[in-house]
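Before any comments, here is the structure.
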Amino acid sequence: MAVPGLPDLGRCLVMGVVNVTPDSFSDGGRWFDVDAAVARGLELVAEGADLVDVGGESTRPGAARVPLEEELRRVTPVIRALSQAGVVVSVDTMRAEVAEAALAAGARLVNDVSGGLADPVMPRVVAAARVPYVVMHWRGHSRDMDSRAIYADVVTEVAEELRKRVDSVLAEGVGEEQIVLDPGLGFSKQPEHNWELLAGLPALAELGHPLIVGASRKRFLGRLLADQDGAPRSFDQSDDATLAVTALAARAGAWCVRVHEVRPNADAVRVAAAWRRAEKRSVIPAAARQMAGQTEIRDR
Ligand code: PMM
């Protein structure tokens, strides 16, 4: 499914991450000055990123909020430089004022992990700008988000909460075509919730919007790959697992994956696209594939 204003490449897109923060979970401190962050963004594009997501506030569990002025100081020059270099930039922010500054600096997508809940002005800013808007499933700020990871049926509840967010941002003037949804892996989710949401992508797609998946280097992958003593695999040793999630999510029809290491993921989305094209040509009827358990997001 294409999103107006962004490249339509007939495959799952790859969003490379540049966290301009001292403390992000997976890459904190590595790109914490303007030149290093811009160089990293350009490197990600050279490795095959279709978009670069620039964020100035860590959302790792337990993290405290960053003051507005500091967030602006971190992201604005990086977004301006990357945009001027022709990069399609997304801004990862929960603040309307940061989104506005980022859009003025050339950003083409607003990625709001709170889905408009953290700053009620955000949907109006996005509505006025007519840019694509990532509405992620979110139940609260990082300092206590783990305590909110309580679900009876995570896929149904996340779908329902996302549907309410969609209704809310539409009421603020955001267009249907602007909205991209995200299950918010790791945000108020235990590992089993993340796996159920990944398996439930086709159900989330029934909401009628493209889906973005952010599994890269998250704790649930490290836990899956824990050693014999139960010590989780470190985040930077989880890239192969991220790649596996990318291949499966793209095969299931995800619109985009958000990743820290771009090159292998850029290959994986191409593999998944070739796989999907071959399936469309295949003489095996769709019903038989469904019976074989190969569920996927239906093409619209
Ligand atoms: N995860 C993080 C930050 N931003 N944005 C979207 N849309 N989806 C995500 O899953 C997501 C996000 C946290 O990851 P990081 O701090 O390790 O980059």
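Residues in the structure tokens are named by chain (A, B, ... in the order shown) and by number from 1 within that chain; ligands are numbered from 1 in the order shown.
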Check your understanding: Which protein, DNA or RNA residues have an atom within 9 Å of ligand 1, counting only C-alpha atoms and all ligand atoms, as JSON, numbers by chain?
Key -> {"A": [17, 18, 19, 23, 24, 25, 26, 27, 28, 53, 55, 57, 58, 59, 60, 92, 93, 111, 112, 113, 134, 135, 136, 137, 181, 182, 183, 184, 185, 186, 187, 212, 213, 214, 215, 216, 217, 218, 235, 257, 258, 259, 260]}
Practice item. Can you list, as an MDAnalysis selection string, all residues belonging to segment 34-165 of chain A that DSSP tags as alpha helix (DSSP H)? Key: chainID A and resid 34:46 68:84 96:104 122:129 154:165
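Of the listed residues (A:Pro132, A:Ala81, A:Leu109, A:Leu207), A:Pro132 comes nearest to Val174 of chain A; the distances count only C-alpha atoms.
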Using only C-alpha atoms, find each residue in segment 190-267 of chain A having at least one atom no more than 12 Å away from segment 146-153 of chain A; report its shortest atom-to-atom pair and that distance in Å (one decimal), rows by chain then rising number, as JSON lines.
```
{"residue": "A:Gln190", "atom": "CA", "partner": "A:Ala149", "partner_atom": "CA", "distance": 6.2}
{"residue": "A:Pro191", "atom": "CA", "partner": "A:Ala149", "partner_atom": "CA", "distance": 10.0}
{"residue": "A:Glu192", "atom": "CA", "partner": "A:Ala149", "partner_atom": "CA", "distance": 10.5}
{"residue": "A:His193", "atom": "CA", "partner": "A:Tyr151", "partner_atom": "CA", "distance": 8.2}
{"residue": "A:Asn194", "atom": "CA", "partner": "A:Ala149", "partner_atom": "CA", "distance": 10.6}
{"residue": "A:Glu196", "atom": "CA", "partner": "A:Asp153", "partner_atom": "CA", "distance": 9.1}
{"residue": "A:Leu197", "atom": "CA", "partner": "A:Asp153", "partner_atom": "CA", "distance": 10.0}
{"residue": "A:Gly200", "atom": "CA", "partner": "A:Asp153", "partner_atom": "CA", "distance": 10.9}
```
Can you write out the residues you just picked, keeping N, CA, C and O atoms, as a compact mmCIF listing (two decimals), in the first residue's frame?
```txt
# COMPACT_ATOMS: atom_id res chain seq x y z
N GLN A 190 5.06 -6.92 26.95
CA GLN A 190 5.97 -7.98 27.35
C GLN A 190 6.36 -8.75 26.09
O GLN A 190 5.68 -8.65 25.06
N PRO A 191 7.45 -9.56 26.18
CA PRO A 191 7.88 -10.27 24.96
C PRO A 191 6.75 -11.02 24.26
O PRO A 191 6.59 -10.93 23.04
N GLU A 192 5.94 -11.76 25.04
CA GLU A 192 4.89 -12.54 24.37
C GLU A 192 3.88 -11.65 23.65
O GLU A 192 3.32 -12.02 22.62
N HIS A 193 3.67 -10.44 24.17
CA HIS A 193 2.77 -9.50 23.48
C HIS A 193 3.35 -9.11 22.12
O HIS A 193 2.62 -9.00 21.13
N ASN A 194 4.66 -8.85 22.11
CA ASN A 194 5.29 -8.47 20.84
C ASN A 194 5.14 -9.57 19.79
O ASN A 194 4.82 -9.30 18.63
N GLU A 196 2.87 -11.92 19.67
CA GLU A 196 1.47 -12.05 19.24
C GLU A 196 1.09 -10.93 18.26
O GLU A 196 0.36 -11.14 17.30
N LEU A 197 1.62 -9.74 18.52
CA LEU A 197 1.32 -8.63 17.61
C LEU A 197 1.95 -8.86 16.23
O LEU A 197 1.33 -8.56 15.20
N GLY A 200 -0.04 -11.19 14.53
CA GLY A 200 -1.36 -10.58 14.29
C GLY A 200 -1.33 -9.42 13.31
O GLY A 200 -2.33 -8.70 13.18
```
Point to revise | Distance of atom CA of Leu6 of chain A from atom CA of Ser168 of chain A, expressed in Å to one decimal place | key: 23.5 Å
Point to revise | Residues near Leu72 of chain A, cut-off 10 Å, only C-alpha atoms, skip fewer than 5 positions along chain, as a PyMOL selection string | key: chain A and resi 55-57+66-67+77+93+95+97-99+101-102
Keeping only N, CA, C and O atoms, write the selected residues to a file as a CSV table (one decimal), in the first residue's frame.
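Final output, selection.csv:
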```
chain,number,residue,atom,x,y,z
A,55,GLY,N,15.5,11.2,15.7
A,55,GLY,CA,14.8,11.4,17.0
A,55,GLY,C,15.8,12.0,18.0
A,55,GLY,O,17.0,11.7,18.0
A,56,GLY,N,15.2,12.8,18.9
A,56,GLY,CA,16.1,13.5,19.9
A,56,GLY,C,15.7,13.2,21.3
A,56,GLY,O,16.2,13.8,22.2
A,57,GLU,N,14.7,12.2,21.4
A,57,GLU,CA,14.3,11.9,22.8
A,57,GLU,C,14.3,10.4,22.9
A,57,GLU,O,13.6,9.7,22.2
A,66,VAL,N,13.0,14.7,27.8
A,66,VAL,CA,14.0,15.6,27.4
A,66,VAL,C,13.3,17.0,27.3
A,66,VAL,O,12.2,17.1,26.8
A,67,PRO,N,13.9,18.1,27.8
A,67,PRO,CA,13.2,19.4,27.7
A,67,PRO,C,13.0,19.7,26.2
A,67,PRO,O,13.9,19.3,25.3
A,77,PRO,N,18.9,20.8,13.3
A,77,PRO,CA,20.0,20.9,12.3
A,77,PRO,C,20.3,19.6,11.5
A,77,PRO,O,20.7,19.6,10.3
A,93,THR,N,9.1,12.2,17.1
A,93,THR,CA,8.8,13.1,18.2
A,93,THR,C,7.4,13.0,18.7
A,93,THR,O,6.5,12.6,17.9
A,95,ARG,N,6.2,15.7,20.3
A,95,ARG,CA,5.9,17.1,20.5
A,95,ARG,C,5.5,17.8,19.2
A,95,ARG,O,6.3,17.8,18.3
A,97,GLU,N,5.5,21.0,18.7
A,97,GLU,CA,6.5,22.1,18.3
A,97,GLU,C,7.7,21.5,17.6
A,97,GLU,O,8.3,22.2,16.7
A,98,VAL,N,8.1,20.4,18.1
A,98,VAL,CA,9.3,19.7,17.4
A,98,VAL,C,8.9,19.3,16.0
A,98,VAL,O,9.6,19.5,15.0
A,99,ALA,N,7.7,18.8,15.9
A,99,ALA,CA,7.2,18.3,14.5
A,99,ALA,C,7.2,19.6,13.6
A,99,ALA,O,7.6,19.5,12.4
A,101,ALA,N,8.9,22.4,13.7
A,101,ALA,CA,10.3,22.8,13.4
A,101,ALA,C,10.9,21.8,12.4
A,101,ALA,O,11.6,22.2,11.5
A,102,ALA,N,10.6,20.5,12.6
A,102,ALA,CA,11.2,19.5,11.7
A,102,ALA,C,10.6,19.6,10.3
A,102,ALA,O,11.3,19.5,9.3
```
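The residue that comes closest to Val125 of chain A, out of A:Met145, A:Leu162, A:Val169, A:Leu225 and on the basis of only C-alpha atoms, is A:Val169.
Rounded to one decimal, atom CA of Val88 of chain A and atom CA of Ala128 of chain A lie 19.4 Å from each other.
Every residue of segment 87-127 of chain A found in strand (DSSP E or B) when DSSP is run on the backbone appears here: Val89, Ser90, Val91, Asp92, Leu109, Val110, Asn111 and Asp112 of chain A.
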Practice item. Compile the contact shell of Glu47 of chain A as a VMD selection string: residues with an atom at most 8 Å away, counting only C-alpha atoms, same-chain residues fewer than 5 positions apart removed. Key: chain A and resid 262 to 263 266
**Study point:** Residue with smallest distance to Leu221 of chain A - pool A:Asp119, A:Glu100, A:Asp239, A:Glu206, counting only C-alpha atoms
**Key:** A:Asp239
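Interatomic distance, atom CA of Val155 of chain A against atom CA of Ala244 of chain A: 20.9 Å.
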Could you list, as a short mmCIF file (atom, residue, chain, number, x, y, z; two decimals) with C-alpha atoms, in the first residue's frame, every residue within 6 Å of Gly253 of chain A, counting only C-alpha atoms and ignoring same-chain residues fewer than 2 positions away?
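Final output, saved to around35.cif:
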```
data_model
loop_
_atom_site.label_atom_id
_atom_site.label_comp_id
_atom_site.auth_asym_id
_atom_site.auth_seq_id
_atom_site.Cartn_x
_atom_site.Cartn_y
_atom_site.Cartn_z
CA ALA A 250 7.63 -7.80 4.86
CA ARG A 251 6.36 -11.18 3.68
CA ILE A 297 -2.07 -8.94 4.94
#
```
